[in-house]
Structure formats: structure tokens, C-alpha cells
Amino acid sequence: MKPFLSLAAALGLALTALSCTDGTGPEPILRLLFDSGTVTPGSNLQLTALDGEGEVVWSSDDPSVATVVSRTGWVTGIATGSTVIRATDGVSEVTASIQVRTPPVLQTGAPTATFEAVAGEGEPPDQSIAITNGGDLPLTGLSVGAIQYGAGEPVGWLDASLSSTSAPAQLQLSASAAGLAPGAYSATLTVASSVSVNGPQSLAVTLLVVRPPSIELATRLAEVGTTPGTPSAPVLVGVSNGGDRPLTGLQVSVEYPLGAPGGWLDASLDASTAPTTLRLVGQGGAVPQGQYSATVVIASSLAGVAPKTLDVDFVVAPGPAITLGSTSVAFSAVVGQASPPAKSVQVTNGGGGTLNQLSIGSISYGGVGGWLSAALTSATAPTSVLFTPSTAGLPEGTYTATVTVQSPVATNSPRTITVSVEVAPAPVISIFPPSLIFTSIRTKGDPSAQALQITNGGGGTLEGLSVDVTYQGGATGWLDLTLGSTTGPTTLVARPSATGLDVGTYQASVTIESTTPGVASRTFIVQYEIRWSFEVDIAPFFTTSYTGYPFTACTGCHSSGGDSPNLSSANVAYQALIGGGLVVPGNPNAGRLICKIEGNSGCGTAMPLPPPQIARIRAWIAQGAPF
């Protein structure tokens with residue numbers, strides 16, 4: 001942090017003294033080196049009175065805001081506000097206006113942002129996240145760091161910019177789904193300030209590219225049958241949504257081949273929103289005995305939704321006819337998980353008489369075999385074929401089989417049903433970023449929350465998510481974890497707390513688990529470093545005299561008007577040490593401060609400090625020399 005010191009007058013400018021007389025005497029001689037200043041709570045400011053007649057006594061109008069040492073003018077900020085510091089030599093009085101302000105703290109309105117776009121349907125709207133100042137002093141020097149994308153994921157889909165380099169500001173986020181397949185994509189970025197007392201704040205961004213609504217039919221061929229002059233039993237076909245957005249405005253129509261008889265098929269939908277059911281009824285009295293075909297078109301009033309067609313075969317016969325409720329069955333499975341539940345296809349008599357002696361003729365496979373069993377619940381219609389898949393040991397892939405249903409009394413035997421199973425890879429817990437690192441400065445408050453993205457890097461559904469934390473090194477309870485959802489993709493928000501912790505580095509192992517069978521847990525590390533504060537932990541070393549050391553407090557010489565650097569207050573001292581090159585943040589062995597306080601030769605006048613103080617200063621510099 002760059003310290004802030006407001007001076008209403010240049011150094012050396014005399015303040016008009018307030019006379020303690022009736023105003024008719026001579027002008028007072030007492031004056032201040034400067035007449036105003038700004039400090040933060042806990043930091044100090046040296047006021048200096050010049051040309052007084054005798055001993056100068058100092059006082060504060062409001063000690064709850066700032067106190068002053070009555071004989072030295074050493075001001076200490078207590079709480080935010082303003083007060084007047086008075087100096088008198090018994091003849092005249094001068095004043096300085098002191099403002100106590102909290103240092104700038106970088107805050108973000110949220111640790112996460114989520115975009116959702118429909119594949120092929122344009123870009124999601126931009127989002128803004130508020131960047132605010134949690135302190136009183138100005139928060140400037142705002143910047144956005146490089147965007148980090150999830151490992152192995154597409155890059156370049158996120159843009160980030162700031163409306164201003166000073167708070168309050170808006171972080172403008174723009175995501176583009178162009179060229180991205182449906183799925184979840186993750187990225188992280190940081191917002192930093194050159195003057196804030198806390199470190200850069202992380203933001204996790206998720207882009208969900210969802211599938212547009214699409215019409216999906218349980219089968220592409222339906223068979224309807226009846227006897228002459230009689231309506232058929234209803235044949236039901238499932239209509240579902242193959243996308244992630246609602247599928248509405250469904251409607252149905254029937255088309256007959258050119259020149260062929262029509263009007264024999266009634267088609268209706270139970271609802272205009274998917275999922276729903278298509279009902280088919282053939283009118284045996286509309287056409288003579290024979291076989292007929294038609295096409296059912298299911299469409300949606302939604303723009304961009306392609307219609308789907310269903311072929312319908314209609315048999316009007318006096319003898320038995322095998323009518324199947326569906327000519328195809330599809331299963332979905334996941335590697336290493338339980339086999340999908342059985343499904344059935346209805347078998348009815350589409351003609352007259354009795355349809356009996358039904359049997360399963362054969363099962364032929366289009367590759368790997370042995371994974372399907374099929375059985376009739378009865379040999380007489382109406383009945384059902386029960387299909388039971390066994391996917392144990394099947395690797396990822398799609399497998400097909402054809403099942404034959406037959407009867408010697410049927411006029412259209414045999415009939416076939418196509419069965420498929422798609423075996424997807426097992427769910428995999430994927431996380432981004434691979435670890436979380438927090439930093440804060442002692443007594444300066446907790447760091448902002450960070451978010452970790454949890455996605456499914458495999459197939460199937462990743463659900464039953466939970467988190468568990470294991471602390472390392474003794475300190476416990478300093479990390480709060482909030483899981484957005486138990487189903488992936490989701491976000492895990494981490495918030496550390498410095499309460500009860502001393503300066504040091506703390507680690508915790510966070511394990512993400514899933515109740516989904518076959519899913520391995522994932523563990524990542526959260527590191528939290530609490531750093532020394534120059535204002536609280538280092539600056540007081542320069543105002544203290546140490547027994548057994550040859551020099552009094554450093555500020556005896558290094559103060560306003562004294563030797564350089566000026567160490568009279570935390571703000572001024574920090575600027576002098578960092579700006580003057582006496583301290584090189586991150587490198588304790590560079591700069592002249594360590595050389596002088598260790599008493600080494602070749603650094604000018606040595607100003608040795610006790611070893612514990614030197615060790616802390618070294619550690620503070622190694623941590624980046626935070627204010």
C-alpha cells in the first residue's frame with residue numbers, strides 16, 4: 001500500500017496562531033511545521049512546533065479519534081473521524097486538523113459469476129460486478145489480471161475490463177459461446193489495487209452452454225392394427241425434449257402418401273409442452289382391409305426447433321397381426337455403474353381373432369454380444385416384451401441388437417425391435433483452479449472469498465457431492481466452505497478467517513466426494529498466509545529504545561526535519577523506506593535497511609536492533625513488505 005498523507009500547507013509554512021490574549025497584543029511566535037494530516041487507526045504522525053516560548057504542551061480535542069503525547073506531539077490514530085490537535089507554549093496556541101481514516105480495502109460484489117448461453121443462439125448478456133472500497137482512504141490503481149482458463153478447456157471466451165481505475169468501479173464481464181459445444185466452461189481472474197491493504201481478489205466465472213430445445217421421439221416407427229370397421233386401441237409414443245431450454249408450442253399433423261387413401265389416422269398430443277405423449281388411433285372403418293402408411297409430423301411454434309416425423313404402419317385384417325408399441329428401445333449406462341433398469345414394449349393384436357403362440361425368435365448383435373435378454377410376459381396378446389440389459393464389463397461405446405417377435409398365426413410375422421445401449425464414461429470430479437491461496441495482513445481483516453469450480457470431467461451425472469476439510473499444523477476452524485449444489489457443475493466458495501491466528505502460513509486439505517458409484521474423490525490444498533503489518537508490527541520498532549543498545553529510538557534523529565529517512569509516522573516511514581530503496585519487497589538481502597540494523601560495515605552509520613526485531617523485519621520484507 002502506498003501511504004497517504006494530506007498536507008494543507010507545504011513544510012515550513014507557518015500557521016496563523018490563535019492568540020490566547022484578547023487579540024490586541026503582538027502576533028504569536030509559535031508555529032507548526034504543518035497544520036493538517038491524515039493517519040490510519042493505529043498509525044502515528046509526528047507534529048512539530050517551532051519558535052515557541054518555553055515548553056510546548058499538546059492536547060487533542062477528541063482523544064477517542066486521535067491521542068497526542070502531551071510533551072512530544074506524537075499523534076496516534078484511534079478511530080475514524082476528525083479532531084483538532086492543539087499546541088500551546090503558554091503565550092499562544094496553534095492547531096492542526098487531523099483526519100483518521102481507514103486504509104483502502106479492495107472488495108468485490110461477488111466471488112463468482114455465471115453465464116448461460118444456448119448453443120447457436122447468440123451470446124449471453126454482459127454482467128457487471130461492483131468493485132468497492134471497504135476503507136476511507138481512496139482506492140486507486142485498479143487493474144484486472146490475466147484470465148486463467150480451466151485445464152484442457154477452450155480459451156478466449158471471456159473478456160473483462162474495469163469502468164474506472166478508482167473505486168467505486170464496475171468490473172465488466174463479457175462471455176462468448178461462439179464455437180463452443182454444450183457444456184460447462186470455467187475461468188478465473190483477479191482484480192488488484194496498487195494501494196489496497198489486502199491482496200488481489202479472485203473471481204470464478206462459469207459459462208454454461210446449454211442445448212437448444214429439440215423434439216425427440218421414443219420411436220421413429222409405430223404400428224397400428226385393427227379389424228375391418230373397428231377403431232384400433234391407442235398406440236402411445238413418448239415425446240421428449242432433447243435440449244436444456246423448455247420445449248413448448250407443440251402441435252401435430254398427419255400426411256398421407258400421394259394418391260393413397262387418407263383420413264384413417266387420428267393423432268393427438270396430451271399437452272403442447274414436452275414431455276408429453278402422442279396418441280395414435282387407426283380407424284378400421286375408414287379404409288378396406290389391407291396395409292397403409294402415413295407420416296405424423298410433430299412441430300413446435302418456437303423458432304429454430306426442427307420438426308420430427310414418425311412413420312405409421314396401419315394394418316386392417318380379419319386375422320391376427322402383431323402390432324408393436326415401439327420398434328426401437330434405447331438404454332443409457334455409465335462405465336462401472338449399475339446396469340440400467342429394464343424396459344418393455346407392448347405387443348397387441350392389430351387384426352382379428354386371437355394372437356397367440358408368440359415367442360422371441362432370435363437376438364442378433366451388431367458387435368459385442370451377450371449383453372441383452374428379452375422375454376415375453378405372455379405368449380398371447382396383449383402382452384409385452386421385457387428387455388433387460390447387462391452392461392457390467394462393457395467399455396465406453398454404443399452397442400446394438402435386433403430382437404425378433406414372431407407367431408405362426410400372425411399375418412405379418414415376424415416383426416423386429418432394435419435395441420441400443422450407450423455406455424458413457426464414468427463421472428469424474430474436475431476442479432479449477434487446482435488450489436486456492438489466500439493472504440491477509442495481520443489486524444487488517446480477512447481476505448475476500450474465492451470460488452472453485454467443480455465440473456464433471458466424464459460422463460453420466462455427477463451428484464451426491466460433499467466436502468470435507470482436514471487442517472494441517474494444529475490450527476483448525478479457520479476455513480468456511482459453501483457448496484453451491486450437490487450436483488455438478490457447481491461452485492465451492494471458500495472464506496478463511498484470521499480470528500485467533502497469528503502471523504504464519506496455514507494449510508488445509510479439502511476433499512470433494514461423490515456418492516455416485518465409481519467416482520474417485522478429489523483433494524486440493526487451501527493455503528492461507530497471514531503477513532506482518534508494517535503499520536502495526538514494524539513501525540513501532542523505530543520509536544522504541546532498547547536496553548543494551550547504544551542508540552535511543554530511531555525517531556530521535558529520523559523525524560520531521562531530522563535525518564533521512566523520516567520515520568516519524570508509519571505512513572511517512574513506509575513511503576521513505578520503500579520509495580527510497582532502503583527496502584526491496586520480497587528480498588530481505590537487498591536494500592540498506594537490513595544492513596544498517598544488523599550493524600554491518602559499509603552501510604554508513606550502523607543502527608543495530610535486537611535479533612528478534614531484525615528477524616521480524618526480515619520476515620516482513622520476505623512477505624512482500626505489506627503496509
# chains A, B, ... in the order shown; residues from 1 in each chain; ligands from 1
>>> residues_around(residues="Val385 (chain A)", least_positions_apart="5", cutoff="8 Å", atoms="only C-alpha atoms", output="list in words")
Ser344, Val345, Gln346, Val347, Ala374, Ala375, Leu376 and Thr377 of chain A
>>> residues_around(residues="Leu217 (chain A)", least_positions_apart="2", cutoff="12 Å", atoms="only C-alpha atoms", output="ChimeraX atom specification")
/A:214-215,219-222,236-242,274-278,296-299,307-311,326-330
>>> write_last_selection(atoms="C-alpha atoms", output="compact mmCIF listing (two decimals), in the first residue's frame")
# COMPACT_ATOMS: atom_id res chain seq x y z
CA SER A 214 -35.37 -30.15 -29.70
CA ILE A 215 -38.12 -32.67 -30.33
CA THR A 219 -39.55 -44.36 -31.71
CA ARG A 220 -39.46 -43.45 -35.39
CA LEU A 221 -41.95 -46.15 -36.46
CA ALA A 222 -45.28 -47.03 -34.88
CA LEU A 236 -48.75 -44.26 -27.33
CA VAL A 237 -45.42 -42.65 -28.34
CA GLY A 238 -43.38 -40.58 -25.93
CA VAL A 239 -42.35 -37.06 -26.97
CA SER A 240 -39.47 -35.53 -25.00
CA ASN A 241 -37.16 -32.53 -25.06
CA GLY A 242 -33.60 -33.19 -26.21
CA ALA A 274 -42.67 -31.61 -23.58
CA PRO A 275 -42.50 -34.15 -22.17
CA THR A 276 -45.85 -35.36 -23.46
CA THR A 277 -47.48 -38.33 -25.20
CA LEU A 278 -48.56 -38.76 -28.82
CA VAL A 296 -47.01 -37.91 -38.43
CA VAL A 297 -45.25 -34.52 -38.13
CA ILE A 298 -44.60 -33.10 -34.67
CA ALA A 299 -43.58 -29.44 -34.75
CA PRO A 307 -39.92 -30.76 -36.68
CA LYS A 308 -39.66 -34.53 -36.28
CA THR A 309 -41.53 -37.20 -38.22
CA LEU A 310 -42.94 -40.55 -37.20
CA ASP A 311 -43.78 -43.28 -39.72
CA SER A 326 -42.42 -49.30 -30.46
CA THR A 327 -39.89 -50.68 -32.89
CA SER A 328 -36.86 -49.33 -31.02
CA VAL A 329 -35.63 -49.20 -27.43
CA ALA A 330 -32.66 -47.14 -26.17
>>> atom_distance(atom1="CA of Gln201 (chain A)", atom2="CA of Thr482 (chain A)")
17.8 Å
>>> residues_around(residues="region 617-619 of chain A", least_positions_apart="3", cutoff="6 Å", atoms="only C-alpha atoms", output="MDAnalysis selection string")
chainID A and resid 588 614 622
>>> residues_around(residues="region 59-64 of chain A", least_positions_apart="3", cutoff="12 Å", atoms="only C-alpha atoms", output="ChimeraX atom specification")
/A:41,47,56,67-89,93-100
>>> closest_residue(among="A:Thr490, A:Thr38, A:Ser202, A:Ser166", to="Gln453 (chain A)", atoms="only C-alpha atoms")
A:Thr490
>>> residues_around(residues="Pro608 (chain A)", least_positions_apart="3", cutoff="12 Å", atoms="only C-alpha atoms", output="PDB file with C-alpha atoms, in the first residue's frame")
ATOM      1  CA  PHE A 541      10.465  -0.749  16.355  1.00  0.00           C
ATOM      2  CA  PHE A 542      11.680   2.656  15.153  1.00  0.00           C
ATOM      3  CA  SER A 545      14.746   2.390  22.734  1.00  0.00           C
ATOM      4  CA  TYR A 546      16.323  -0.984  23.543  1.00  0.00           C
ATOM      5  CA  THR A 547      18.315  -1.706  26.703  1.00  0.00           C
ATOM      6  CA  GLY A 548      21.932  -2.579  25.954  1.00  0.00           C
ATOM      7  CA  TYR A 549      21.928  -0.932  22.525  1.00  0.00           C
ATOM      8  CA  PRO A 550      23.874   2.282  22.011  1.00  0.00           C
ATOM      9  CA  PHE A 551      21.141   4.326  20.340  1.00  0.00           C
ATOM     10  CA  THR A 552      17.856   5.711  21.505  1.00  0.00           C
ATOM     11  CA  ALA A 553      14.728   5.374  19.358  1.00  0.00           C
ATOM     12  CA  CYS A 554      15.380   5.819  15.637  1.00  0.00           C
ATOM     13  CA  LEU A 593      17.783  -1.203   5.981  1.00  0.00           C
ATOM     14  CA  ILE A 594      18.828  -4.738   6.963  1.00  0.00           C
ATOM     15  CA  CYS A 595      22.473  -3.853   6.550  1.00  0.00           C
ATOM     16  CA  LYS A 596      22.150  -0.903   8.964  1.00  0.00           C
ATOM     17  CA  ILE A 597      20.018  -2.589  11.637  1.00  0.00           C
ATOM     18  CA  GLU A 598      22.332  -5.615  11.632  1.00  0.00           C
ATOM     19  CA  GLY A 599      25.273  -3.278  12.257  1.00  0.00           C
ATOM     20  CA  ASN A 600      27.199  -4.302   9.148  1.00  0.00           C
ATOM     21  CA  SER A 601      30.083  -2.196   7.936  1.00  0.00           C
ATOM     22  CA  CYS A 603      26.314   0.803   5.199  1.00  0.00           C
ATOM     23  CA  GLY A 604      27.075   4.126   6.813  1.00  0.00           C
ATOM     24  CA  THR A 605      26.207   4.652  10.458  1.00  0.00           C
ATOM     25  CA  PRO A 611      17.852 -10.010  16.886  1.00  0.00           C
ATOM     26  CA  PRO A 612      14.086 -10.642  17.411  1.00  0.00           C
ATOM     27  CA  GLN A 613      13.252  -7.296  15.799  1.00  0.00           C
ATOM     28  CA  ILE A 614      15.657  -7.968  12.923  1.00  0.00           C
TER      29      ILE A 614
END
